[in-house]
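Colleague: My structure is in protein-v7.pdb, and what it holds is PDB, C-alpha atoms and all ligand atoms:
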```
ATOM      1  CA  MET G   1      81.599-121.583  72.528
ATOM      2  CA  PRO G   2      81.175-117.785  72.713
ATOM      3  CA  GLU G   3      83.170-115.647  75.148
ATOM      4  CA  ALA G   4      81.065-114.559  78.136
ATOM      5  CA  ALA G   5      81.709-110.879  77.331
ATOM      6  CA  ASP G   6      80.271-111.350  73.816
ATOM      7  CA  ARG G   7      76.999-112.447  75.312
ATOM      8  CA  TYR G   8      76.200-108.945  76.538
ATOM      9  CA  TYR G   9      75.030-105.873  74.715
ATOM     10  CA  ARG G  10      77.664-103.216  74.260
ATOM     11  CA  PRO G  11      76.692 -99.750  73.017
ATOM     12  CA  SER G  12      78.215 -98.845  69.638
ATOM     13  CA  ASN G  13      79.245 -95.430  71.066
ATOM     14  CA  THR G  14      77.666 -93.775  68.051
ATOM     15  CA  ALA G  15      76.724 -90.115  68.421
ATOM     16  CA  PRO G  16      74.905 -88.824  65.321
ATOM     17  CA  ILE G  17      75.468 -85.087  64.607
ATOM     18  CA  SER G  18      71.672 -84.652  64.467
ATOM     19  CA  GLY G  19      71.464 -86.258  67.937
ATOM     20  CA  ILE G  20      74.051 -83.852  69.386
ATOM     21  CA  PHE G  21      72.106 -80.961  67.816
ATOM     22  CA  THR G  22      68.871 -82.316  69.349
ATOM     23  CA  MET G  23      70.452 -82.531  72.822
ATOM     24  CA  LEU G  24      71.835 -78.978  72.555
ATOM     25  CA  THR G  25      68.484 -77.634  71.310
ATOM     26  CA  VAL G  26      66.344 -79.308  73.990
ATOM     27  CA  GLY G  27      68.890 -78.511  76.722
ATOM     28  CA  GLY G  28      69.269 -74.912  75.494
ATOM     29  CA  LEU G  29      65.484 -74.362  75.423
ATOM     30  CA  ALA G  30      65.213 -75.764  78.949
ATOM     31  CA  ALA G  31      67.961 -73.348  80.066
ATOM     32  CA  VAL G  32      66.187 -70.356  78.479
ATOM     33  CA  VAL G  33      62.990 -71.253  80.389
ATOM     34  CA  MET G  34      64.550 -72.237  83.734
ATOM     35  CA  GLY G  35      67.343 -69.661  84.007
ATOM     36  CA  PRO G  36      64.943 -66.713  84.435
ATOM     37  CA  ILE G  37      62.750 -68.703  86.882
ATOM     38  CA  TYR G  38      65.816 -69.445  88.990
ATOM     39  CA  ALA G  39      66.897 -65.772  88.788
ATOM     40  CA  LEU G  40      63.446 -64.699  90.041
ATOM     41  CA  VAL G  41      63.629 -67.155  92.954
ATOM     42  CA  SER G  42      67.166 -65.998  93.879
ATOM     43  CA  PHE G  43      66.250 -62.328  93.526
ATOM     44  CA  TYR G  44      63.152 -62.404  95.741
ATOM     45  CA  ASP G  45      64.276 -65.211  98.066
ATOM     46  CA  PRO G  46      64.405 -63.970 101.660
ATOM     47  CA  PHE G  47      65.995 -67.272 102.717
ATOM     48  CA  VAL G  48      68.985 -68.790 100.957
ATOM     49  CA  VAL G  49      67.306 -72.211 101.210
ATOM     50  CA  PHE G  50      64.933 -71.560  98.289
ATOM     51  CA  SER G  51      67.849 -70.582  96.052
ATOM     52  CA  LEU G  52      69.718 -73.729  97.000
ATOM     53  CA  PHE G  53      66.673 -75.870  96.234
ATOM     54  CA  GLY G  54      66.222 -73.890  92.998
ATOM     55  CA  ALA G  55      69.811 -74.567  91.890
ATOM     56  CA  LEU G  56      69.375 -78.300  92.539
ATOM     57  CA  SER G  57      66.045 -78.355  90.687
ATOM     58  CA  ILE G  58      67.205 -76.529  87.553
ATOM     59  CA  GLY G  59      70.332 -78.717  87.404
ATOM     60  CA  ALA G  60      68.230 -81.887  87.545
ATOM     61  CA  LEU G  61      65.681 -80.561  85.038
ATOM     62  CA  GLY G  62      68.418 -79.376  82.668
ATOM     63  CA  GLY G  63      69.918 -82.873  82.826
ATOM     64  CA  SER G  64      66.523 -84.439  82.107
ATOM     65  CA  ALA G  65      66.291 -82.248  78.995
ATOM     66  CA  VAL G  66      69.709 -83.486  77.805
ATOM     67  CA  ASP G  67      68.674 -87.077  78.543
ATOM     68  CA  TYR G  68      65.467 -86.627  76.539
ATOM     69  CA  GLY G  69      67.474 -85.152  73.647
ATOM     70  CA  ALA G  70      69.892 -88.114  73.758
ATOM     71  CA  ARG G  71      67.010 -90.585  73.614
ATOM     72  CA  VAL G  72      65.217 -88.845  70.745
ATOM     73  CA  GLY G  73      68.523 -88.164  68.966
ATOM     74  CA  LYS G  74      69.683 -91.803  69.437
ATOM     75  CA  VAL G  75      72.997 -90.833  71.027
ATOM     76  CA  ARG G  76      74.733 -93.944  72.464
ATOM     77  CA  ASN G  77      78.011 -92.314  73.478
ATOM     78  CA  ARG G  78      78.292 -91.541  77.167
ATOM     79  CA  VAL G  79      81.280 -89.166  76.830
ATOM     80  CA  VAL G  80      79.442 -87.092  74.209
ATOM     81  CA  VAL G  81      76.342 -86.887  76.442
ATOM     82  CA  HIS G  82      78.499 -85.728  79.382
ATOM     83  CA  GLY G  83      80.216 -83.147  77.137
ATOM     84  CA  VAL G  84      76.860 -81.737  75.997
ATOM     85  CA  SER G  85      75.704 -81.710  79.651
ATOM     86  CA  ILE G  86      78.649 -79.462  80.594
ATOM     87  CA  VAL G  87      77.817 -77.055  77.733
ATOM     88  CA  VAL G  88      74.120 -76.973  78.736
ATOM     89  CA  GLY G  89      75.049 -76.521  82.427
ATOM     90  CA  LEU G  90      77.318 -73.547  81.660
ATOM     91  CA  PHE G  91      74.664 -72.044  79.379
ATOM     92  CA  LEU G  92      72.116 -72.453  82.190
ATOM     93  CA  VAL G  93      74.424 -70.576  84.586
ATOM     94  CA  TYR G  94      74.932 -67.852  81.951
ATOM     95  CA  VAL G  95      71.169 -67.416  81.318
ATOM     96  CA  SER G  96      70.553 -67.261  85.078
ATOM     97  CA  TRP G  97      73.088 -64.441  85.408
ATOM     98  CA  VAL G  98      71.627 -62.540  82.435
ATOM     99  CA  ALA G  99      68.175 -62.720  84.037
ATOM    100  CA  TYR G 100      69.460 -61.911  87.542
ATOM    101  CA  ILE G 101      71.403 -58.848  86.362
ATOM    102  CA  GLY G 102      68.315 -57.869  84.347
ATOM    103  CA  LEU G 103      66.238 -57.865  87.558
ATOM    104  CA  LEU G 104      68.963 -55.998  89.442
ATOM    105  CA  THR G 105      69.727 -53.284  86.870
ATOM    106  CA  GLY G 106      66.612 -53.215  84.691
ATOM    107  CA  SER G 107      68.614 -53.854  81.520
ATOM    108  CA  ILE G 108      69.337 -57.069  79.612
ATOM    109  CA  ILE G 109      73.071 -57.575  79.137
ATOM    110  CA  LEU G 110      74.128 -60.481  76.906
ATOM    111  CA  SER G 111      77.877 -59.834  76.552
ATOM    112  CA  PRO G 112      79.767 -62.260  78.843
ATOM    113  CA  GLN G 113      82.528 -59.641  79.220
ATOM    114  CA  ILE G 114      80.144 -56.964  80.552
ATOM    115  CA  ILE G 115      78.331 -59.569  82.708
ATOM    116  CA  TRP G 116      81.683 -60.357  84.317
ATOM    117  CA  GLN G 117      82.282 -56.651  85.032
ATOM    118  CA  VAL G 118      78.824 -56.347  86.635
ATOM    119  CA  ILE G 119      79.493 -59.474  88.722
ATOM    120  CA  GLN G 120      82.690 -57.835  90.029
ATOM    121  CA  ILE G 121      80.746 -54.716  91.035
ATOM    122  CA  ILE G 122      78.086 -56.859  92.777
ATOM    123  CA  ALA G 123      80.846 -58.722  94.645
ATOM    124  CA  GLN G 124      82.262 -55.427  95.913
ATOM    125  CA  GLN G 125      78.919 -54.009  97.032
ATOM    126  CA  GLY G 126      77.237 -57.194  98.298
ATOM    127  CA  VAL G 127      73.814 -58.286  97.198
ATOM    128  CA  TRP G 128      72.060 -60.175 100.006
ATOM    129  CA  GLU G 129      72.133 -60.780 103.722
ATOM    130  CA  PHE G 130      71.915 -64.036 105.582
ATOM    131  CA  ASN G 131      71.648 -64.207 109.388
ATOM    132  CA  GLY G 132      72.511 -60.511 109.567
ATOM    133  CA  GLU G 133      75.731 -60.980 107.625
ATOM    134  CA  GLU G 134      76.379 -59.644 104.166
ATOM    135  CA  PRO G 135      78.968 -61.694 102.248
ATOM    136  CA  LEU G 136      81.363 -59.688 100.060
ATOM    137  CA  GLY G 137      84.214 -60.301  97.627
ATOM    138  CA  THR G 138      85.870 -63.710  97.952
ATOM    139  CA  GLU G 139      82.996 -65.126 100.013
ATOM    140  CA  LEU G 140      80.529 -64.293  97.255
ATOM    141  CA  TYR G 141      82.810 -65.677  94.533
ATOM    142  CA  VAL G 142      83.120 -68.960  96.442
ATOM    143  CA  ILE G 143      79.321 -69.150  96.807
ATOM    144  CA  TRP G 144      78.799 -68.433  93.084
ATOM    145  CA  VAL G 145      81.409 -70.984  92.014
ATOM    146  CA  CYS G 146      79.783 -73.601  94.283
ATOM    147  CA  GLU G 147      76.402 -72.711  92.800
ATOM    148  CA  ALA G 148      77.711 -73.079  89.211
ATOM    149  CA  VAL G 149      79.472 -76.382  90.020
ATOM    150  CA  MET G 150      76.295 -77.696  91.680
ATOM    151  CA  ILE G 151      74.129 -76.793  88.669
ATOM    152  CA  CYS G 152      76.582 -78.241  86.102
ATOM    153  CA  GLY G 153      77.182 -81.332  88.248
ATOM    154  CA  LEU G 154      73.480 -82.118  88.442
ATOM    155  CA  VAL G 155      73.045 -81.601  84.694
ATOM    156  CA  ILE G 156      75.866 -84.134  84.141
ATOM    157  CA  VAL G 157      74.508 -86.664  86.638
ATOM    158  CA  SER G 158      70.904 -86.547  85.471
ATOM    159  CA  GLY G 159      71.816 -86.078  81.786
ATOM    160  CA  TYR G 160      72.861 -89.693  81.295
ATOM    161  CA  ARG G 161      70.474 -92.396  82.365
ATOM    162  CA  LYS G 162      70.539 -96.123  81.910
ATOM    163  CA  ARG G 163      68.583 -97.091  78.837
ATOM    164  CA  PRO G 164      67.573-100.423  77.328
ATOM    165  CA  PRO G 165      69.877-101.675  74.528
ATOM    166  CA  TYR G 166      69.746-100.120  71.054
ATOM    167  CA  CYS G 167      69.046-102.193  67.924
ATOM    168  CA  GLU G 168      71.617-101.019  65.360
ATOM    169  CA  ALA G 169      69.839-102.882  62.529
ATOM    170  CA  CYS G 170      66.508-101.083  63.022
ATOM    171  CA  GLY G 171      67.850 -97.835  64.516
ATOM    172  CA  ARG G 172      65.553 -98.084  67.567
ATOM    173  CA  TRP G 173      65.866 -98.451  71.320
ATOM    174  CA  SER G 174      64.581-101.763  72.590
ATOM    175  CA  GLU G 175      61.637-101.728  74.980
ATOM    176  CA  ALA G 176      60.707-103.733  78.040
ATOM    177  CA  MET G 177      58.271-106.432  76.959
ATOM    178  CA  GLY G 178      56.106-105.920  80.026
ATOM    179  CA  LEU G 179      56.873-109.464  81.181
ATOM    180  CA  GLU G 180      58.505-110.478  84.402
ATOM    181  CA  VAL G 181      59.721-113.961  85.009
ATOM    182  CA  ARG G 182      60.689-115.199  88.460
ATOM    183  CA  VAL G 183      63.296-117.847  89.105
ATOM    184  CA  SER G 184      64.399-119.326  92.412
ATOM    185  CA  SER G 185      67.270-117.419  93.999
ATOM    186  CA  GLU G 186      69.051-120.724  94.664
ATOM    187  CA  CYS G 187      69.822-120.993  90.946
ATOM    188  CA  ARG G 188      71.481-117.606  90.526
ATOM    189  CA  ASP G 189      75.103-118.635  89.798
ATOM    190  CA  GLU G 190      74.115-121.524  87.585
ATOM    191  CA  LEU G 191      71.494-119.458  85.777
ATOM    192  CA  VAL G 192      74.026-116.851  84.635
ATOM    193  CA  GLN G 193      76.422-119.597  83.517
ATOM    194  CA  VAL G 194      73.727-121.458  81.601
ATOM    195  CA  LEU G 195      72.619-118.297  79.807
ATOM    196  CA  GLU G 196      76.181-117.197  79.020
ATOM    197  CA  THR G 197      77.109-120.573  77.577
ATOM    198  CA  GLU G 198      73.775-120.883  75.738
ATOM    199  CA  ARG G 199      72.875-124.205  77.356
ATOM    200  CA  TYR G 200      69.253-123.210  77.125
ATOM    201  CA  SER G 201      67.861-126.718  77.603
ATOM    202  CA  ALA G 202      69.108-126.559  81.211
ATOM    203  CA  LEU G 203      66.942-123.471  81.850
ATOM    204  CA  MET G 204      63.724-125.395  82.267
ATOM    205  CA  GLU G 205      65.102-127.204  85.318
ATOM    206  CA  PHE G 206      65.287-123.902  87.196
ATOM    207  CA  ARG G 207      61.595-123.352  86.701
ATOM    208  CA  SER G 208      60.709-126.320  88.859
ATOM    209  CA  GLU G 209      62.578-124.888  91.885
ATOM    210  CA  ILE G 210      60.416-123.339  94.602
ATOM    211  CA  ILE G 211      60.314-119.537  94.313
ATOM    212  CA  HIS G 212      60.187-117.685  97.623
ATOM    213  CA  ASP G 213      58.703-114.200  97.788
ATOM    214  CA  SER G 214      61.380-113.065 100.222
ATOM    215  CA  ASP G 215      64.290-113.893  97.884
ATOM    216  CA  TYR G 216      63.949-114.550  94.161
ATOM    217  CA  ILE G 217      65.462-113.637  90.804
ATOM    218  CA  GLN G 218      63.467-111.398  88.525
ATOM    219  CA  LEU G 219      64.177-111.650  84.805
ATOM    220  CA  THR G 220      63.062-108.747  82.608
ATOM    221  CA  PRO G 221      63.176-109.194  78.825
ATOM    222  CA  TYR G 222      63.623-106.342  76.318
ATOM    223  CA  GLN G 223      62.942-106.458  72.609
ATOM    224  CA  CYS G 224      63.454-104.189  69.611
ATOM    225  CA  PRO G 225      59.971-103.050  68.483
ATOM    226  CA  GLY G 226      61.088-103.456  64.849
ATOM    227  CA  CYS G 227      62.434-107.007  64.709
ATOM    228  CA  ASP G 228      62.697-110.361  66.468
ATOM    229  CA  GLU G 229      66.495-110.426  66.213
ATOM    230  CA  SER G 230      67.369-108.055  69.081
ATOM    231  CA  CYS G 231      66.218-109.589  72.353
ATOM    232  CA  PHE G 232      67.869-108.948  75.689
ATOM    233  CA  LEU G 233      67.466-110.193  79.223
ATOM    234  CA  SER G 234      68.385-108.497  82.503
ATOM    235  CA  GLY G 235      68.236-110.192  85.894
ATOM    236  CA  TRP G 236      67.951-108.837  89.430
ATOM    237  CA  ARG G 237      67.931-110.553  92.774
ATOM    238  CA  VAL G 238      65.045-109.217  94.858
ATOM    239  CA  ILE G 239      65.341-109.649  98.613
ATOM    240  CA  THR G 240      62.611-108.663 101.064
ATOM    241  CA  GLU G 241      63.555-108.735 104.724
ATOM    242  CA  ILE G 242      63.045-106.958 108.037
ATOM    243  CA  ASN G 243      65.627-104.184 108.416
ATOM    244  CA  LYS G 244      67.254-102.830 111.590
ATOM    245  CA  GLN G 245      64.305-100.484 112.152
ATOM    246  CA  GLY G 246      61.965-103.479 112.209
ATOM    247  CA  ALA G 247      60.246-102.580 108.931
ATOM    248  CA  TRP G 248      59.941-104.664 105.757
ATOM    249  CA  GLU G 249      62.460-103.574 103.156
ATOM    250  CA  THR G 250      62.975-104.739  99.577
ATOM    251  CA  ARG G 251      66.449-104.576  98.035
ATOM    252  CA  THR G 252      67.392-105.323  94.443
ATOM    253  CA  LEU G 253      70.872-106.484  93.431
ATOM    254  CA  ASP G 254      72.000-106.551  89.796
ATOM    255  CA  LEU G 255      72.676-110.109  88.695
ATOM    256  CA  PHE G 256      73.346-109.486  85.001
ATOM    257  CA  LYS G 257      72.388-106.781  82.506
ATOM    258  CA  ASP G 258      71.459-106.746  78.843
ATOM    259  CA  MET G 259      72.358-110.298  77.941
ATOM    260  CA  ILE G 260      71.683-111.125  74.270
ATOM    261  CA  VAL G 261      69.246-114.046  74.034
ATOM    262  CA  PRO G 262      67.155-115.629  71.259
ATOM    263  CA  ARG G 263      63.470-114.708  71.172
ATOM    264  CA  GLU G 264      62.470-118.382  71.695
ATOM    265  CA  ILE G 265      64.177-118.380  75.083
ATOM    266  CA  ILE G 266      62.083-115.462  76.295
ATOM    267  CA  ASP G 267      58.936-117.197  75.016
ATOM    268  CA  GLY G 268      60.047-120.418  76.708
ATOM    269  CA  LEU G 269      60.735-118.733  80.030
ATOM    270  CA  THR G 270      57.390-116.945  80.113
ATOM    271  CA  ALA G 271      55.265-119.865  78.907
ATOM    272  CA  LEU G 272      56.021-122.277  81.726
ATOM    273  CA  PRO G 273      53.935-122.203  84.901
ATOM    274  CA  GLN G 274      55.763-121.516  88.136
ATOM    275  CA  GLU G 275      55.707-123.496  91.330
ATOM    276  CA  VAL G 276      53.910-121.837  94.212
ATOM    277  CA  PRO G 277      55.621-122.089  97.589
ATOM    278  CA  GLU G 278      53.360-123.555 100.226
ATOM    279  CA  ASP G 279      55.214-122.086 103.202
ATOM    280  CA  ASP G 280      54.950-118.409 102.224
ATOM    281  CA  VAL G 281      51.555-117.745 103.795
ATOM    282  CA  GLY G 282      51.352-114.286 105.361
ATOM    283  CA  ASP G 283      54.260-112.874 103.409
ATOM    284  CA  PRO G 284      54.016-109.065 102.906
ATOM    285  CA  ASN G 285      54.077-109.344  99.103
ATOM    286  CA  GLU G 286      51.566-112.116  98.807
ATOM    287  CA  ASP G 287      49.168-110.106  96.637
ATOM    288  CA  ASP G 288      51.935-109.046  94.259
ATOM    289  CA  TYR G 289      53.040-112.600  93.965
ATOM    290  CA  ALA G 290      49.537-113.813  93.257
ATOM    291  CA  SER G 291      49.024-111.305  90.436
ATOM    292  CA  ALA G 292      52.420-112.024  88.880
ATOM    293  CA  GLU G 293      51.652-115.703  89.159
ATOM    294  CA  SER G 294      48.339-115.444  87.325
ATOM    295  CA  GLU G 295      49.931-113.315  84.594
ATOM    296  CA  ALA G 296      52.606-115.902  84.043
ATOM    297  CA  VAL G 297      50.004-118.636  83.783
ATOM    298  CA  ASP G 298      47.772-116.610  81.438
ATOM    299  CA  ASP G 299      50.671-116.014  79.074
TER     300      ASP G 299
HETATM  301 ZN    ZN F 301      65.564-104.349  65.536
END
```
Would you encode the structure as structure tokens?
Ligand SMILES: [Zn+2]

Modeller:
Amino acid sequence: MPEAADRYYRPSNTAPISGIFTMLTVGGLAAVVMGPIYALVSFYDPFVVFSLFGALSIGALGGSAVDYGARVGKVRNRVVVHGVSIVVGLFLVYVSWVAYIGLLTGSIILSPQIIWQVIQIIAQQGVWEFNGEEPLGTELYVIWVCEAVMICGLVIVSGYRKRPPYCEACGRWSEAMGLEVRVSSECRDELVQVLETERYSALMEFRSEIIHDSDYIQLTPYQCPGCDESCFLSGWRVITEINKQGAWETRTLDLFKDMIVPREIIDGLTALPQEVPEDDVGDPNEDDYASAESEAVDD
């Protein structure tokens, strides 16, 4: 019997050189475009708020560029992606300063050493006022360090996103199959056990349980577009209830992620019709349920 841990997808941690180059290129291009835009906003911003929002935005967009590069470049190593994010974040801060000093002095200075000297002069003289106060010296350095940390931090956070498993045999990311299977929430512990221990014949029993719209398990299958060998299943518990404010709220809780399953199991799960609960009349998600139900039956 296989170990439970072996039943789940684990990334190979591969980071192709071409993938790292792709991330740096896409991230670098994004920095070259966004740095000057941010400098313009900071330079003409009468309120500090726009600059703050600008710093958050370019950090998030810079991270999205890294994430895109990692996907296209097939990078499966989280540490490498974070490392590239730091480089892109620092480059973004550098480009922003080049553009800002360009607006301030009318000349483009690329040497980091001279940029640092100009920054020291700006810190001495002050550069903007807020609420009638003009920060100088240490105050400005603290603000700039916070700004740089915020930009780099957001690049790191948004640079690595959860992705479906990667098929090493075909060299492709798997894709969601566009199918959603619902299973009664009552079965959740047993369901995970049955899947982990590959007692697939027991699965069909779960399908006869009543599925309530307010609390059910949603199974989402993923498959490699190139082969039938790499199939994965993730499961969430979806709970809809009235929150403290008296409004309907839907929460999802991870049940299991990226379990390796045979293709036949996904076909089996999606082919069976589901029981319709008779007591769920007037539920807020009734329409959603009805459409999901008809899809499942059509398949
Ligand atoms: Zn494949």

Colleague: Could you list, with a cut-off of 12 Å and counting all atoms listed in the file, the residues of chain G near ligand ZN 301 (chain F), each shown with its nearest atom pair and the distance in Å rounded to one decimal, rows sorted by chain and ascending number, as CSV?

Modeller:
```
residue,atom,partner,partner_atom,distance
G:Pro165,CA,F:ZN301,ZN,10.3
G:Tyr166,CA,F:ZN301,ZN,8.1
G:Cys167,CA,F:ZN301,ZN,4.7
G:Glu168,CA,F:ZN301,ZN,6.9
G:Ala169,CA,F:ZN301,ZN,5.4
G:Cys170,CA,F:ZN301,ZN,4.2
G:Gly171,CA,F:ZN301,ZN,7.0
G:Arg172,CA,F:ZN301,ZN,6.6
G:Trp173,CA,F:ZN301,ZN,8.3
G:Ser174,CA,F:ZN301,ZN,7.6
G:Glu175,CA,F:ZN301,ZN,10.6
G:Tyr222,CA,F:ZN301,ZN,11.1
G:Gln223,CA,F:ZN301,ZN,7.8
G:Cys224,CA,F:ZN301,ZN,4.6
G:Pro225,CA,F:ZN301,ZN,6.5
G:Gly226,CA,F:ZN301,ZN,4.6
G:Cys227,CA,F:ZN301,ZN,4.2
G:Asp228,CA,F:ZN301,ZN,6.7
G:Glu229,CA,F:ZN301,ZN,6.2
G:Ser230,CA,F:ZN301,ZN,5.4
G:Cys231,CA,F:ZN301,ZN,8.6
G:Phe232,CA,F:ZN301,ZN,11.4
G:Arg263,CA,F:ZN301,ZN,12.0
```

Colleague: Nearest residue to Thr240 (chain G) out of G:Glu198, G:Asp213, G:Glu186, G:Glu264, using all atoms listed in the file?

Modeller: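 The answer is G:Asp213, which sits nearest to Thr240 (chain G).
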
Colleague: Given the file shown, enumerate the residues that the PyMOL selection byres (((chain G and resi 66-71) around 7) and not hetatm) captures and present them as a PyMOL selection string.

Modeller: chain G and resi 19+22-23+26-27+62-65+72-75+85+159-161

Colleague: May I have the residues within 9 Å of region 59-61 of chain G as JSON, numbers by chain, using all atoms listed in the file and disregarding those fewer than 6 positions away in the same chain?

Modeller: {"G": [30, 34, 89, 92, 150, 151, 152, 153, 154, 155, 156, 157, 158, 159]}

Colleague: Provide the CA of Glu139 (chain G) to CA of Ala123 (chain G) distance in Å, to one decimal place.

Modeller: 8.6 Å

Colleague: So what do you get for CA of Val88 (chain G) versus CA of Leu52 (chain G), distance-wise?

Modeller: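 That distance, rounded to one decimal, is 19.1 Å.
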
Colleague: On this structure, the PyMOL selection byres (((chain G and resi 136) around 7) and not hetatm) would catch which residues? List them as a list of chain:residue names, sorted by chain and number.

Modeller: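 This file, filtered by the PyMOL selection byres (((chain G and resi 136) around 7) and not hetatm), leaves G:Ala123, G:Gln124, G:Gln125, G:Gly126, G:Glu134, G:Pro135, G:Gly137, G:Thr138, G:Glu139, G:Leu140.
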
Colleague: Export C-alpha atoms of the chosen residues as a PDB file, keeping the file's coordinate frame?

Modeller:
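File out_38.pdb, as written:
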```
ATOM      1  CA  ALA G 123      80.846 -58.722  94.645  1.00  0.00           C
ATOM      2  CA  GLN G 124      82.262 -55.427  95.913  1.00  0.00           C
ATOM      3  CA  GLN G 125      78.919 -54.009  97.032  1.00  0.00           C
ATOM      4  CA  GLY G 126      77.237 -57.194  98.298  1.00  0.00           C
ATOM      5  CA  GLU G 134      76.379 -59.644 104.166  1.00  0.00           C
ATOM      6  CA  PRO G 135      78.968 -61.694 102.248  1.00  0.00           C
ATOM      7  CA  GLY G 137      84.214 -60.301  97.627  1.00  0.00           C
ATOM      8  CA  THR G 138      85.870 -63.710  97.952  1.00  0.00           C
ATOM      9  CA  GLU G 139      82.996 -65.126 100.013  1.00  0.00           C
ATOM     10  CA  LEU G 140      80.529 -64.293  97.255  1.00  0.00           C
TER      11      LEU G 140
END
```

Colleague: For a quick check of your reading of the model, name the residues lying within 6 Å of the coordinate (65.8, -105.3, 101.0), counting all atoms listed in the file, and write them as JSON, numbers by chain.

Modeller: {"G": [239, 240, 241, 249, 250, 251]}

Colleague: Write the selection just made, keeping C-alpha atoms, as a CSV table (one decimal), keeping the file's coordinate frame?

Modeller:
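Contents of the output file selection.csv:
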```csv
chain,number,residue,atom,x,y,z
G,239,ILE,CA,65.3,-109.6,98.6
G,240,THR,CA,62.6,-108.7,101.1
G,241,GLU,CA,63.6,-108.7,104.7
G,249,GLU,CA,62.5,-103.6,103.2
G,250,THR,CA,63.0,-104.7,99.6
G,251,ARG,CA,66.4,-104.6,98.0
```

Colleague: Go ahead and compute the interatomic distance for CA of Glu147 (chain G) and CA of Ser51 (chain G), in Å to one decimal.

Modeller: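 For CA of Glu147 (chain G) relative to CA of Ser51 (chain G), the distance reads 9.4 Å.
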